[in-house]
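entry.txt (compact mmCIF, C-alpha atoms and all ligand atoms)
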# COMPACT_ATOMS: atom_id res chain seq x y z
CA MET A 1 4.46 -86.99 -21.19
CA ASN A 2 7.04 -85.78 -18.77
CA LEU A 3 5.44 -83.81 -16.00
CA GLU A 4 7.83 -81.71 -14.04
CA LYS A 5 6.94 -81.71 -10.39
CA PRO A 6 5.53 -78.29 -9.68
CA SER A 7 7.18 -76.40 -6.89
CA GLY A 8 5.29 -74.99 -3.97
CA TRP A 9 1.78 -76.23 -3.65
CA LEU A 10 1.11 -79.58 -5.15
CA ILE A 11 -1.76 -81.26 -6.77
CA ASP A 12 -1.67 -84.67 -5.16
CA GLY A 13 -4.48 -86.23 -7.11
CA LYS A 14 -7.03 -85.88 -4.34
CA GLY A 15 -8.30 -82.60 -5.73
CA ASP A 16 -10.69 -81.58 -8.42
CA THR A 17 -10.12 -83.89 -11.39
CA ASN A 18 -10.82 -81.05 -13.77
CA LEU A 19 -8.00 -78.97 -12.29
CA VAL A 20 -5.53 -81.85 -12.29
CA GLN A 21 -6.31 -82.55 -15.93
CA LEU A 22 -6.01 -78.88 -16.77
CA HIS A 23 -2.53 -78.85 -15.33
CA GLU A 24 -1.53 -81.91 -17.37
CA TYR A 25 -3.02 -80.34 -20.45
CA PHE A 26 -0.99 -77.18 -19.90
CA CYS A 27 2.27 -79.09 -19.61
CA ASN A 28 1.52 -81.40 -22.52
CA ARG A 29 0.44 -78.77 -24.92
CA TYR A 30 2.73 -75.88 -24.11
CA GLY A 31 5.67 -77.73 -22.61
CA THR A 32 6.83 -77.98 -19.04
CA ASP A 33 9.40 -75.30 -19.74
CA PHE A 34 6.90 -72.57 -20.56
CA PHE A 35 4.74 -73.46 -17.62
CA ALA A 36 7.56 -74.56 -15.36
CA GLY A 37 6.51 -74.54 -11.78
CA LEU A 38 2.87 -74.16 -12.64
CA SER A 39 0.46 -75.82 -10.36
CA ILE A 40 -3.21 -75.26 -10.20
CA PHE A 41 -4.76 -76.24 -7.01
CA GLU A 42 -7.71 -76.41 -4.79
CA LEU A 43 -7.55 -74.10 -1.81
CA ASN A 44 -7.07 -77.01 0.61
CA PHE A 45 -3.54 -77.49 -0.69
CA ILE A 46 -2.33 -74.01 0.09
CA ASP A 47 0.06 -73.23 2.95
CA LYS A 48 -1.79 -72.70 6.20
CA ASP A 49 -0.54 -69.11 6.64
CA LEU A 50 -1.86 -68.01 3.28
CA GLN A 51 -5.18 -69.81 3.52
CA PRO A 52 -7.24 -67.06 5.19
CA TYR A 53 -6.02 -64.47 2.67
CA VAL A 54 -6.71 -66.60 -0.31
CA GLN A 55 -9.94 -68.06 0.99
CA GLN A 56 -11.29 -64.53 1.44
CA SER A 57 -10.19 -63.52 -2.06
CA ASP A 58 -11.62 -66.72 -3.46
CA VAL A 59 -15.04 -65.95 -1.97
CA VAL A 60 -14.97 -62.30 -3.12
CA LEU A 61 -13.80 -63.09 -6.64
CA ASN A 62 -16.22 -65.97 -7.11
CA ALA A 63 -19.08 -63.66 -6.11
CA ILE A 64 -17.92 -61.08 -8.68
CA LEU A 65 -17.56 -63.78 -11.33
CA THR A 66 -21.09 -65.06 -10.67
CA ARG A 67 -22.51 -61.53 -10.97
CA ALA A 68 -20.54 -60.81 -14.15
CA LEU A 69 -21.76 -64.05 -15.79
CA LYS A 70 -25.34 -63.24 -14.90
CA HIS A 71 -25.05 -59.63 -16.04
CA GLU A 72 -23.61 -60.66 -19.42
CA ASN A 73 -26.04 -63.56 -19.84
CA ILE A 74 -23.25 -66.09 -20.14
CA LEU A 75 -24.41 -69.66 -19.74
CA GLU A 76 -21.14 -71.47 -20.40
CA PRO A 77 -19.21 -72.31 -17.23
CA VAL A 78 -16.32 -69.99 -16.34
CA ARG A 79 -14.28 -70.98 -13.29
CA LEU A 80 -11.63 -69.36 -11.18
CA ALA A 81 -8.46 -71.31 -10.39
CA TRP A 82 -5.35 -70.26 -8.47
CA SER A 83 -1.77 -70.91 -9.48
CA ASN A 84 1.68 -70.28 -8.07
CA ASN A 85 3.50 -69.60 -11.35
CA MET A 86 5.27 -66.29 -10.93
CA ARG A 87 5.60 -65.72 -14.67
CA PHE A 88 2.13 -64.28 -15.01
CA ASN A 89 -0.37 -62.39 -12.88
CA ALA A 90 -3.42 -63.93 -14.41
CA LEU A 91 -4.53 -65.67 -17.58
CA ALA A 92 -7.62 -66.64 -19.53
CA MET A 93 -7.62 -70.22 -20.78
CA PRO A 94 -9.07 -71.68 -23.96
CA LYS A 95 -12.11 -73.80 -23.16
CA PHE A 96 -11.09 -77.03 -21.49
CA ASN A 97 -13.50 -79.95 -20.92
CA GLY A 98 -16.36 -77.55 -21.61
CA THR A 99 -15.19 -75.01 -19.03
CA HIS A 100 -13.43 -71.67 -19.38
CA PHE A 101 -10.78 -71.08 -16.73
CA ILE A 102 -9.44 -67.85 -15.31
CA VAL A 103 -6.18 -68.54 -13.52
CA ILE A 104 -4.83 -66.04 -11.02
CA ASN A 105 -1.41 -66.12 -9.44
CA ILE A 106 -1.70 -66.66 -5.72
CA GLY A 107 1.21 -64.27 -5.10
CA VAL A 108 -0.84 -61.33 -6.32
CA VAL A 109 -3.02 -61.31 -3.21
CA PRO A 110 -0.36 -60.58 -0.54
CA ILE A 111 1.44 -58.17 -2.91
CA LEU A 112 -1.65 -56.03 -3.31
CA GLN A 113 -2.33 -56.15 0.43
CA SER A 114 1.22 -55.05 1.07
CA LEU A 115 1.22 -52.17 -1.43
CA TYR A 116 -2.03 -50.55 -0.31
CA GLY A 117 -1.22 -51.36 3.33
CA GLN A 118 2.06 -49.44 3.09
CA LEU A 119 0.31 -46.59 1.35
CA MET A 120 -2.33 -46.20 4.07
CA SER A 121 0.34 -46.56 6.80
CA SER A 122 1.81 -43.25 5.71
CA PRO A 123 0.26 -40.36 7.65
CA THR A 124 0.90 -38.00 4.73
CA PHE A 125 -1.29 -40.08 2.44
CA ARG A 126 -5.03 -39.25 2.41
CA PRO A 127 -4.92 -37.60 5.87
CA ASP A 128 -8.68 -37.14 5.55
CA ILE A 129 -9.24 -40.85 6.24
CA GLY A 130 -9.23 -42.24 9.80
CA ASN A 131 -6.76 -41.23 12.50
CA ILE A 132 -3.33 -40.34 11.05
CA ALA A 133 -1.99 -39.30 14.47
CA ILE A 134 -1.34 -42.97 15.33
CA GLU A 135 0.44 -43.76 12.06
CA ILE A 136 4.24 -43.57 11.99
CA PRO A 137 5.91 -41.42 9.29
CA GLN A 138 7.70 -43.71 6.85
CA GLU A 139 10.11 -43.60 3.97
CA LYS A 140 8.73 -43.41 0.48
CA ILE A 141 7.55 -46.74 -0.90
CA LYS A 142 9.99 -48.60 -3.12
CA ILE A 143 8.39 -50.61 -5.88
CA ARG A 144 10.72 -53.08 -7.52
CA ASN A 145 8.71 -53.75 -10.63
CA ASP A 146 11.25 -55.78 -12.54
CA ILE A 147 10.25 -59.41 -12.13
CA SER A 148 7.67 -60.17 -14.78
CA GLY A 149 5.16 -57.76 -13.41
CA VAL A 150 5.48 -58.95 -9.86
CA VAL A 151 6.90 -56.70 -7.19
CA ALA A 152 8.67 -57.73 -4.07
CA LEU A 153 7.56 -55.46 -1.29
CA GLY A 154 8.95 -55.69 2.21
CA PRO A 155 6.67 -57.08 4.89
CA LYS A 156 4.89 -54.38 6.81
CA ASP A 157 2.26 -54.48 9.53
CA GLY A 158 -0.04 -52.16 7.65
CA PRO A 159 -1.90 -49.15 9.04
CA LYS A 160 -2.56 -48.94 12.78
CA CYS A 161 -5.87 -47.12 12.38
CA PRO A 162 -8.66 -49.66 11.69
CA ILE A 163 -10.40 -47.24 9.31
CA ARG A 164 -7.20 -46.83 7.29
CA ARG A 165 -6.71 -50.60 7.39
CA ALA A 166 -10.22 -51.06 6.02
CA PHE A 167 -9.50 -48.71 3.11
CA ALA A 168 -6.23 -50.54 2.33
CA SER A 169 -8.15 -53.84 2.22
CA MET A 170 -10.80 -52.30 0.05
CA LEU A 171 -8.20 -51.08 -2.48
CA ALA A 172 -6.46 -54.48 -2.53
CA SER A 173 -9.76 -56.21 -3.01
CA GLU A 174 -10.77 -53.86 -5.85
CA ALA A 175 -7.41 -54.45 -7.55
CA SER A 176 -7.81 -58.24 -7.47
CA LYS A 177 -11.36 -57.84 -8.81
CA PHE A 178 -9.94 -55.75 -11.66
CA LEU A 179 -7.50 -58.54 -12.57
CA LEU A 180 -10.32 -61.06 -12.57
CA LEU A 181 -12.61 -58.82 -14.63
CA HIS A 182 -9.83 -58.21 -17.15
CA GLU A 183 -9.53 -61.97 -17.74
CA PHE A 184 -13.29 -62.33 -17.67
CA THR A 185 -13.56 -59.75 -20.48
CA HIS A 186 -10.97 -61.66 -22.54
CA ILE A 187 -13.27 -64.68 -22.33
CA ALA A 188 -16.63 -62.90 -22.62
CA HIS A 189 -15.54 -60.86 -25.66
CA GLY A 190 -14.20 -63.89 -27.52
CA HIS A 191 -10.51 -62.92 -27.28
CA VAL A 192 -9.36 -66.42 -26.44
CA SER A 193 -8.96 -68.55 -29.53
CA PRO A 194 -9.70 -72.22 -29.01
CA ASN A 195 -6.04 -73.09 -29.57
CA THR A 196 -4.01 -70.40 -27.87
CA PRO A 197 -3.93 -69.32 -24.28
CA LEU A 198 -3.91 -65.62 -23.64
CA VAL A 199 -1.09 -65.30 -21.22
CA GLU A 200 -0.38 -62.08 -19.41
CA ILE A 201 3.36 -62.14 -19.89
CA ALA A 202 5.65 -60.02 -21.98
CA GLY A 203 6.95 -61.28 -25.33
CA GLU A 204 8.19 -59.85 -28.60
CA SER A 205 6.68 -60.29 -32.03
CA ASP A 206 5.99 -58.25 -35.15
CA LEU A 207 4.15 -54.94 -35.27
CA ALA A 208 0.84 -56.19 -36.69
CA ASP A 209 0.69 -58.92 -34.04
CA ASN A 210 1.50 -56.42 -31.34
CA ILE A 211 -1.20 -53.97 -32.44
CA GLN A 212 -3.73 -56.80 -32.40
CA SER A 213 -2.60 -57.92 -28.98
CA HIS A 214 -2.64 -54.35 -27.63
CA THR A 215 -6.18 -53.91 -28.95
CA LEU A 216 -7.38 -57.03 -27.12
CA GLU A 217 -5.60 -55.98 -23.93
CA MET A 218 -7.15 -52.53 -24.05
CA ASP A 219 -10.53 -54.11 -24.67
CA ALA A 220 -10.05 -56.33 -21.60
CA ASP A 221 -8.96 -53.31 -19.54
CA ALA A 222 -11.91 -51.24 -20.75
CA GLY A 223 -14.32 -54.05 -19.85
CA ALA A 224 -12.72 -54.41 -16.42
CA VAL A 225 -12.80 -50.65 -15.77
CA VAL A 226 -16.51 -50.38 -16.59
CA LYS A 227 -17.39 -53.46 -14.53
CA SER A 228 -15.25 -52.30 -11.60
CA PHE A 229 -16.88 -48.88 -11.73
CA ASN A 230 -20.37 -50.38 -11.79
CA GLU A 231 -19.55 -52.57 -8.78
CA LEU A 232 -17.99 -49.71 -6.84
CA ILE A 233 -20.66 -47.10 -7.53
CA GLY A 234 -23.15 -49.39 -5.77
CA PHE A 235 -21.06 -49.05 -2.62
CA PHE A 236 -20.79 -45.27 -2.90
CA GLU A 237 -24.42 -44.58 -3.83
CA ARG A 238 -26.24 -47.13 -1.68
CA ASP A 239 -27.18 -46.46 1.91
CA LEU A 240 -25.47 -49.15 3.93
CA GLN A 241 -27.42 -50.98 6.60
CA PRO A 242 -24.58 -52.60 8.53
CA GLU A 243 -25.35 -55.77 10.44
CA THR A 244 -22.13 -57.67 10.83
CA VAL A 245 -18.87 -56.33 12.34
CA GLU A 246 -17.33 -56.31 8.87
CA GLN A 247 -20.21 -54.29 7.42
CA LYS A 248 -19.98 -51.80 10.30
CA ARG A 249 -16.28 -51.31 9.62
CA ILE A 250 -17.02 -50.59 5.95
CA ALA A 251 -19.90 -48.25 6.84
CA ASN A 252 -17.50 -46.34 9.12
CA LEU A 253 -15.04 -46.05 6.27
CA LYS A 254 -17.73 -44.52 4.08
CA VAL A 255 -18.21 -41.74 6.66
CA TYR A 256 -14.68 -40.60 5.74
CA LEU A 257 -14.76 -41.32 2.02
CA GLY A 258 -18.12 -39.69 1.41
CA SER A 259 -20.87 -40.74 -1.00
CA GLY A 260 -21.56 -40.41 -4.70
CA LEU A 261 -19.55 -40.22 -7.87
CA ILE A 262 -16.41 -38.26 -6.89
CA PRO A 263 -15.22 -40.57 -4.06
CA CYS A 264 -16.02 -43.50 -6.35
CA ILE A 265 -13.79 -42.06 -9.11
CA GLU A 266 -11.05 -41.27 -6.58
CA THR A 267 -11.08 -44.79 -5.15
CA LEU A 268 -11.06 -46.44 -8.56
CA SER A 269 -8.25 -44.15 -9.82
CA LEU A 270 -6.19 -44.79 -6.72
CA MET A 271 -6.59 -48.54 -7.08
CA LEU A 272 -5.57 -48.35 -10.76
CA SER A 273 -2.55 -46.11 -10.04
CA GLY A 274 -1.30 -48.68 -7.53
CA LEU A 275 -2.05 -51.74 -9.65
CA PHE A 276 -0.36 -50.44 -12.80
CA ALA A 277 2.66 -49.24 -10.80
CA LEU A 278 3.36 -52.94 -10.11
CA PHE A 279 3.84 -53.77 -13.79
CA PRO A 280 7.25 -53.31 -15.43
CA ILE A 281 7.42 -49.67 -16.46
CA LYS A 282 9.53 -48.42 -19.35
CA VAL A 283 9.78 -44.87 -20.54
CA VAL A 284 7.17 -44.65 -23.26
CA THR A 285 8.22 -42.97 -26.47
CA ARG A 286 6.61 -42.57 -29.85
CA GLU A 287 8.90 -45.34 -31.13
CA ASN A 288 8.24 -47.99 -28.51
CA MET A 289 4.50 -47.55 -28.00
CA PHE A 290 3.72 -50.78 -29.82
CA HIS A 291 6.61 -52.85 -28.50
CA GLY A 292 5.70 -56.09 -26.76
CA LYS A 293 2.47 -58.04 -26.59
CA HIS A 294 1.09 -55.88 -23.82
CA PRO A 295 0.60 -52.12 -23.91
CA GLN A 296 2.99 -50.25 -21.64
CA ALA A 297 1.68 -49.93 -18.09
CA VAL A 298 1.53 -46.12 -18.32
CA VAL A 299 -0.50 -46.30 -21.51
CA ARG A 300 -2.88 -48.80 -19.90
CA LEU A 301 -3.30 -46.53 -16.90
CA LEU A 302 -4.07 -43.47 -19.01
CA MET A 303 -6.48 -45.41 -21.21
CA ALA A 304 -8.22 -46.72 -18.08
CA PHE A 305 -8.72 -43.14 -16.90
CA ALA A 306 -10.11 -42.21 -20.32
CA VAL A 307 -12.57 -45.13 -20.08
CA ILE A 308 -13.76 -43.97 -16.64
CA GLU A 309 -14.41 -40.51 -18.06
CA SER A 310 -16.27 -41.64 -21.18
CA HIS A 311 -18.28 -44.23 -19.24
CA ILE A 312 -19.49 -41.63 -16.76
CA LEU A 313 -20.15 -38.96 -19.36
CA ARG A 314 -22.33 -41.41 -21.31
CA SER A 315 -24.76 -41.75 -18.41
CA LYS A 316 -24.27 -38.51 -16.42
CA THR A 317 -24.46 -35.90 -19.09
CA ASP A 318 -24.63 -33.07 -16.54
CA MET A 319 -21.26 -33.97 -15.04
CA PRO A 320 -18.46 -31.61 -16.15
CA ALA A 321 -15.58 -33.62 -17.63
CA SER A 322 -13.19 -31.44 -15.63
CA ASP A 323 -14.67 -32.73 -12.33
CA ILE A 324 -13.87 -36.29 -13.40
CA GLN A 325 -10.37 -35.35 -14.61
CA ASN A 326 -9.64 -33.49 -11.37
CA ALA A 327 -10.67 -36.47 -9.23
CA VAL A 328 -8.48 -38.80 -11.33
CA GLY A 329 -5.56 -36.34 -11.27
CA ARG A 330 -5.78 -35.90 -7.48
CA SER A 331 -5.56 -39.63 -6.87
CA LEU A 332 -2.65 -40.08 -9.27
CA LYS A 333 -0.77 -37.25 -7.58
CA ASP A 334 -1.60 -38.52 -4.06
CA PHE A 335 -0.26 -41.96 -5.00
CA TYR A 336 2.99 -40.83 -6.62
CA MET A 337 3.75 -38.46 -3.71
CA GLU A 338 4.29 -41.61 -1.60
CA ILE A 339 6.42 -43.51 -4.11
CA ASP A 340 10.22 -43.55 -4.27
CA LEU A 341 10.91 -42.15 -7.71
CA SER A 342 14.52 -43.29 -7.83
CA GLU A 343 13.12 -46.67 -8.91
CA GLY A 344 11.29 -47.64 -12.12
CA ALA A 345 8.25 -45.65 -11.00
CA ASN A 346 10.03 -42.55 -12.22
CA ASN A 347 9.44 -43.81 -15.75
CA VAL A 348 5.77 -43.02 -15.35
CA LEU A 349 6.63 -39.35 -15.05
CA ARG A 350 9.25 -39.52 -17.79
CA SER A 351 6.62 -41.03 -20.08
CA GLY A 352 4.18 -38.27 -19.31
CA SER A 353 5.70 -35.86 -21.79
CA ALA A 354 5.62 -38.35 -24.70
CA LEU A 355 2.03 -39.20 -23.97
CA ALA A 356 0.99 -35.62 -23.43
CA MET A 357 1.82 -35.01 -27.09
CA GLU A 358 -1.61 -35.38 -28.53
CA GLU A 359 -0.49 -36.73 -31.88
CA ASN A 360 1.10 -39.75 -30.18
CA GLU A 361 -2.00 -40.59 -28.21
CA ILE A 362 -4.26 -40.08 -31.20
CA GLY A 363 -1.97 -42.20 -33.37
CA TYR A 364 -2.06 -45.02 -30.83
CA VAL A 365 -5.81 -44.93 -30.37
CA ARG A 366 -6.38 -44.71 -34.14
CA ALA A 367 -4.26 -47.83 -34.75
CA LEU A 368 -6.21 -49.82 -32.15
CA LYS A 369 -9.53 -48.66 -33.50
CA LYS A 370 -8.64 -49.58 -37.07
CA CYS A 371 -7.38 -52.99 -35.99
CA TRP A 372 -10.50 -53.64 -33.92
CA ALA A 373 -12.90 -52.66 -36.70
CA SER A 374 -11.20 -54.30 -39.67
CA ASP A 375 -9.36 -57.32 -38.24
CA LEU A 376 -10.87 -58.25 -34.91
CA TYR A 377 -14.57 -57.44 -34.84
CA PRO A 378 -15.78 -60.21 -37.19
CA ILE A 379 -13.79 -62.86 -35.29
CA LEU A 380 -14.75 -61.61 -31.84
CA ASN A 381 -18.38 -61.16 -32.76
CA ALA A 382 -18.58 -64.78 -33.92
CA ARG A 383 -16.76 -66.05 -30.85
CA LYS A 384 -18.10 -63.84 -28.05
CA LEU A 385 -19.98 -65.35 -25.12
CA THR A 386 -21.76 -62.20 -24.03
CA SER A 387 -25.09 -61.13 -25.48
CA THR A 388 -23.97 -57.49 -25.26
CA GLU A 389 -22.99 -55.74 -28.50
CA LEU A 390 -19.21 -55.31 -28.72
CA ALA A 391 -17.72 -51.83 -29.16
CA PRO A 392 -14.13 -50.68 -29.81
CA PRO A 393 -12.11 -50.48 -26.59
CA THR A 394 -11.33 -46.83 -27.20
CA GLU A 395 -14.94 -45.64 -27.21
ZN ZN B 1 -4.95 -59.42 -20.82
Before we go any further, please render this structure as C-alpha cells.
Amino acid sequence: MNLEKPSGWLIDGKGDTNLVQLHEYFCNRYGTDFFAGLSIFELNFIDKDLQPYVQQSDVVLNAILTRALKHENILEPVRLAWSNNMRFNALAMPKFNGTHFIVINIGVVPILQSLYGQLMSSPTFRPDIGNIAIEIPQEKIKIRNDISGVVALGPKDGPKCPIRRAFASMLASEASKFLLLHEFTHIAHGHVSPNTPLVEIAGESDLADNIQSHTLEMDADAGAVVKSFNELIGFFERDLQPETVEQKRIANLKVYLGSGLIPCIETLSLMLSGLFALFPIKVVTRENMFHGKHPQAVVRLLMAFAVIESHILRSKTDMPASDIQNAVGRSLKDFYMEIDLSEGANNVLRSGSALAMEENEIGYVRALKKCWASDLYPILNARKLTSTELAPPTE
C-alpha cells in the first residue's frame, strides 16, 4: 500500500477511525491516482477560516439526512463525510464497515455561497426582495464552469441588504441539501453496487452503459427534487413563530417572498437554475444526448423542472400546469438575465432549441424508461434500502 499524502486538510490519525480506514480503502481499491488528493476528515481538521461555513452546513445537512432516513424507514447507517478532492462534487460510497457514506466536496459550500451571494447583490435581480437601493449595480456574473463541475467565482462581499443576504444563504443552503439528497437517493434506491463507487465525475463509455448511468442519475435527481420540494413547502406553508435572531431574519424574508406553492416553486427553480449552471455545459444535440456517464446539465435541469410539475400535479389536482410552468420559467429567466452569456452559460440557450424539439425529449425519456423497467428495476428493487415502492425517474 502506497498512500499518497493528501493535500490540504490531513487525517492525522487522531480522527474517526472509520473515516481514516475509509480513506485507506479508497486509495487501496481504486488507486491513489484516481483519488489523488482525496482526504476525508473530521471537521476539526479544517482550516479555521472555513470552519464556521462548513460547521453550519454540516449541522444543516446532518439534520436533513436524519429526516430523510426516518422518512424512508432506513435503518442502516448512512453518514456524511467531507472531502477536499476537487474532481467530484459529491459521491455515494458502497457500504464500508457496515456504513454507507455520502462524501461531499468541501469546496462546494463557499462556491454556492458566492454564486447566490453575487446574484442577490445585483439590484436588478428580484427587486421585490429587501432593499435594492443599497445594492451596487454590477457586471453580469461570469461562471467559469470548466473544471470538473466546479466553478471559480471571484470573492465578493455579498448583498448589503440583510434580507437579500438571508435569501442568498437560503438558496445556497437549499443547493447543498439538493446535492446531499441526490447522493442519498443513489443509496436509498439501491444504485450503489457493493463493488463500485458511484462517482459524480465525467467519463466516457459505451451507449448502453451511458443510458443506464443516465437513468440512475435522473432517478437520483428526481428523488432529490421531490425531497427538496417537500422540505421547502414546509417553510412556505407553515406559519413561522420566530424566537431566535436567525428565525426572525428568516421570518422577515418570508414577508417578501410570500407564502404557499408559487414562491416555493420559484425558490426551488431558482436554486436549481444556479446549481446546474455550475456544471460543465455543452450544447446539447440529438447526437450527444447520451454522451458521458452523466446527463448534460441542461437536460438535468429541464427534467428537474418536469419532476416539480408532475409531483405537484399528483397532489394538487386543482393547480393549472401553466401556473407551475410560469413560475419555473420566471425564475429561469430571472437567473439568466444576470449571467454573462459570453461564457459556457450561453450553451444553455443554444441547447434550448434541440431540447424544444419534442421528438428528442420523448426519445430521451423513452430510452431511460425502457432501461429502468427492463434492466434496472429488478436489481434496484432487490438492493434498495427504502421501504417505498420504486418508480421510473421520468414519472
Ligand atoms: Zn449522481
Within 7 Å of segment 183-197 of chain A, counting only C-alpha atoms, which residues show up once you throw out same-chain ones fewer than 2 positions away? Write them as a short mmCIF file (atom, residue, chain, number, x, y, z; two decimals) with C-alpha atoms, in the frame of the given file, please.
data_model
loop_
_atom_site.label_atom_id
_atom_site.label_comp_id
_atom_site.auth_asym_id
_atom_site.auth_seq_id
_atom_site.Cartn_x
_atom_site.Cartn_y
_atom_site.Cartn_z
CA LEU A 91 -4.53 -65.67 -17.58
CA ALA A 92 -7.62 -66.64 -19.53
CA MET A 93 -7.62 -70.22 -20.78
CA PRO A 94 -9.07 -71.68 -23.96
CA LYS A 95 -12.11 -73.80 -23.16
CA ILE A 102 -9.44 -67.85 -15.31
CA LEU A 179 -7.50 -58.54 -12.57
CA LEU A 180 -10.32 -61.06 -12.57
CA LEU A 181 -12.61 -58.82 -14.63
CA VAL A 199 -1.09 -65.30 -21.22
CA LEU A 216 -7.38 -57.03 -27.12
CA ALA A 220 -10.05 -56.33 -21.60
CA GLY A 223 -14.32 -54.05 -19.85
CA ALA A 224 -12.72 -54.41 -16.42
CA LEU A 380 -14.75 -61.61 -31.84
CA ARG A 383 -16.76 -66.05 -30.85
CA LYS A 384 -18.10 -63.84 -28.05
CA LEU A 385 -19.98 -65.35 -25.12
CA THR A 386 -21.76 -62.20 -24.03
#
Exercise for the section: Fewer than 4 positions away in the same chain doesn't count, so skip those; otherwise give me all residues within 10 Å of segment 138-140 of chain A, counting only C-alpha atoms, as JSON, numbers by chain. Expected result: {"A": [118, 119, 121, 122, 123, 124, 336, 337, 338, 339, 340, 341]}
Keeping only C-alpha atoms, write those residues as a PDB file, in the coordinates of the input.
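Here's the written file selection07.pdb:
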ATOM      1  CA  GLN A 118       2.060 -49.440   3.090  1.00  0.00           C
ATOM      2  CA  LEU A 119       0.310 -46.590   1.350  1.00  0.00           C
ATOM      3  CA  SER A 121       0.340 -46.560   6.800  1.00  0.00           C
ATOM      4  CA  SER A 122       1.810 -43.250   5.710  1.00  0.00           C
ATOM      5  CA  PRO A 123       0.260 -40.360   7.650  1.00  0.00           C
ATOM      6  CA  THR A 124       0.900 -38.000   4.730  1.00  0.00           C
ATOM      7  CA  TYR A 336       2.990 -40.830  -6.620  1.00  0.00           C
ATOM      8  CA  MET A 337       3.750 -38.460  -3.710  1.00  0.00           C
ATOM      9  CA  GLU A 338       4.290 -41.610  -1.600  1.00  0.00           C
ATOM     10  CA  ILE A 339       6.420 -43.510  -4.110  1.00  0.00           C
ATOM     11  CA  ASP A 340      10.220 -43.550  -4.270  1.00  0.00           C
ATOM     12  CA  LEU A 341      10.910 -42.150  -7.710  1.00  0.00           C
TER      13      LEU A 341
END
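Going from atom CA of Asp209 of chain A to atom CA of Glu361 of chain A covers 19.4 Å.
Atom CA of Leu302 of chain A sits 16.5 Å away from atom CA of Asp323 of chain A.
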Handout entry: Closest of A:Leu80, A:Ala297, A:Val255, A:Ile136 to His214 of chain A - atom-to-atom distances counting all atoms listed in the file
Key = A:Ala297
Practice task
Please identify all polymer residues within 10 Å of Arg126 of chain A, counting only C-alpha atoms, omitting same-chain residues fewer than 6 positions from it, and present them as a PyMOL selection string.
Solution key: chain A and resi 119-120+132+164+257+331+334-335
Exercise for the section: For each of A:Thr285, A:Ala306, A:Ile362, A:Ala172, take the minimum atom-to-atom distance to Ile111 of chain A, counting all atoms listed in the file, then give the residue where this is smallest. Expected result: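 Among the listed residues, the smallest separation from Ile111 of chain A belongs to A:Ala172.
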Practice task
Give the answer as one residue: which of A:Phe167, A:Phe235, A:Tyr256, A:Tyr116 has the shortest atom-to-atom distance to Gly274 of chain A, using only C-alpha atoms?
Solution key: A:Tyr116
May I ask you to restore N, CA and C atoms in segment 165-179 of chain A and write the result as a PDB file, in the coordinates of the input?
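Saved the output as part13.pdb:
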ATOM      1  N   ARG A 165      -6.925 -49.206   7.760  1.00  0.00           N
ATOM      2  CA  ARG A 165      -6.710 -50.600   7.390  1.00  0.00           C
ATOM      3  C   ARG A 165      -7.851 -51.088   6.476  1.00  0.00           C
ATOM      4  N   ALA A 166      -9.053 -50.645   6.815  1.00  0.00           N
ATOM      5  CA  ALA A 166     -10.220 -51.060   6.020  1.00  0.00           C
ATOM      6  C   ALA A 166     -10.125 -50.516   4.599  1.00  0.00           C
ATOM      7  N   PHE A 167      -9.621 -49.282   4.456  1.00  0.00           N
ATOM      8  CA  PHE A 167      -9.500 -48.710   3.110  1.00  0.00           C
ATOM      9  C   PHE A 167      -8.404 -49.439   2.312  1.00  0.00           C
ATOM     10  N   ALA A 168      -7.305 -49.781   3.003  1.00  0.00           N
ATOM     11  CA  ALA A 168      -6.230 -50.540   2.330  1.00  0.00           C
ATOM     12  C   ALA A 168      -6.776 -51.878   1.814  1.00  0.00           C
ATOM     13  N   SER A 169      -7.570 -52.555   2.643  1.00  0.00           N
ATOM     14  CA  SER A 169      -8.150 -53.840   2.220  1.00  0.00           C
ATOM     15  C   SER A 169      -9.097 -53.655   1.059  1.00  0.00           C
ATOM     16  N   MET A 170      -9.844 -52.550   1.118  1.00  0.00           N
ATOM     17  CA  MET A 170     -10.800 -52.300   0.050  1.00  0.00           C
ATOM     18  C   MET A 170     -10.061 -52.106  -1.284  1.00  0.00           C
ATOM     19  N   LEU A 171      -8.972 -51.326  -1.259  1.00  0.00           N
ATOM     20  CA  LEU A 171      -8.200 -51.080  -2.480  1.00  0.00           C
ATOM     21  C   LEU A 171      -7.602 -52.384  -3.022  1.00  0.00           C
ATOM     22  N   ALA A 172      -7.058 -53.205  -2.114  1.00  0.00           N
ATOM     23  CA  ALA A 172      -6.460 -54.480  -2.530  1.00  0.00           C
ATOM     24  C   ALA A 172      -7.522 -55.386  -3.144  1.00  0.00           C
ATOM     25  N   SER A 173      -8.681 -55.375  -2.525  1.00  0.00           N
ATOM     26  CA  SER A 173      -9.760 -56.210  -3.010  1.00  0.00           C
ATOM     27  C   SER A 173     -10.240 -55.729  -4.387  1.00  0.00           C
ATOM     28  N   GLU A 174     -10.366 -54.405  -4.552  1.00  0.00           N
ATOM     29  CA  GLU A 174     -10.770 -53.860  -5.850  1.00  0.00           C
ATOM     30  C   GLU A 174      -9.747 -54.190  -6.933  1.00  0.00           C
ATOM     31  N   ALA A 175      -8.462 -54.165  -6.560  1.00  0.00           N
ATOM     32  CA  ALA A 175      -7.410 -54.450  -7.550  1.00  0.00           C
ATOM     33  C   ALA A 175      -7.483 -55.920  -7.998  1.00  0.00           C
ATOM     34  N   SER A 176      -7.734 -56.836  -7.053  1.00  0.00           N
ATOM     35  CA  SER A 176      -7.810 -58.240  -7.470  1.00  0.00           C
ATOM     36  C   SER A 176      -9.077 -58.473  -8.299  1.00  0.00           C
ATOM     37  N   LYS A 177     -10.146 -57.728  -7.985  1.00  0.00           N
ATOM     38  CA  LYS A 177     -11.360 -57.840  -8.810  1.00  0.00           C
ATOM     39  C   LYS A 177     -11.073 -57.366 -10.233  1.00  0.00           C
ATOM     40  N   PHE A 178     -10.272 -56.283 -10.336  1.00  0.00           N
ATOM     41  CA  PHE A 178      -9.940 -55.750 -11.660  1.00  0.00           C
ATOM     42  C   PHE A 178      -9.199 -56.806 -12.492  1.00  0.00           C
ATOM     43  N   LEU A 179      -8.246 -57.497 -11.852  1.00  0.00           N
ATOM     44  CA  LEU A 179      -7.500 -58.540 -12.570  1.00  0.00           C
ATOM     45  C   LEU A 179      -8.439 -59.643 -13.063  1.00  0.00           C
TER      46      LEU A 179
END
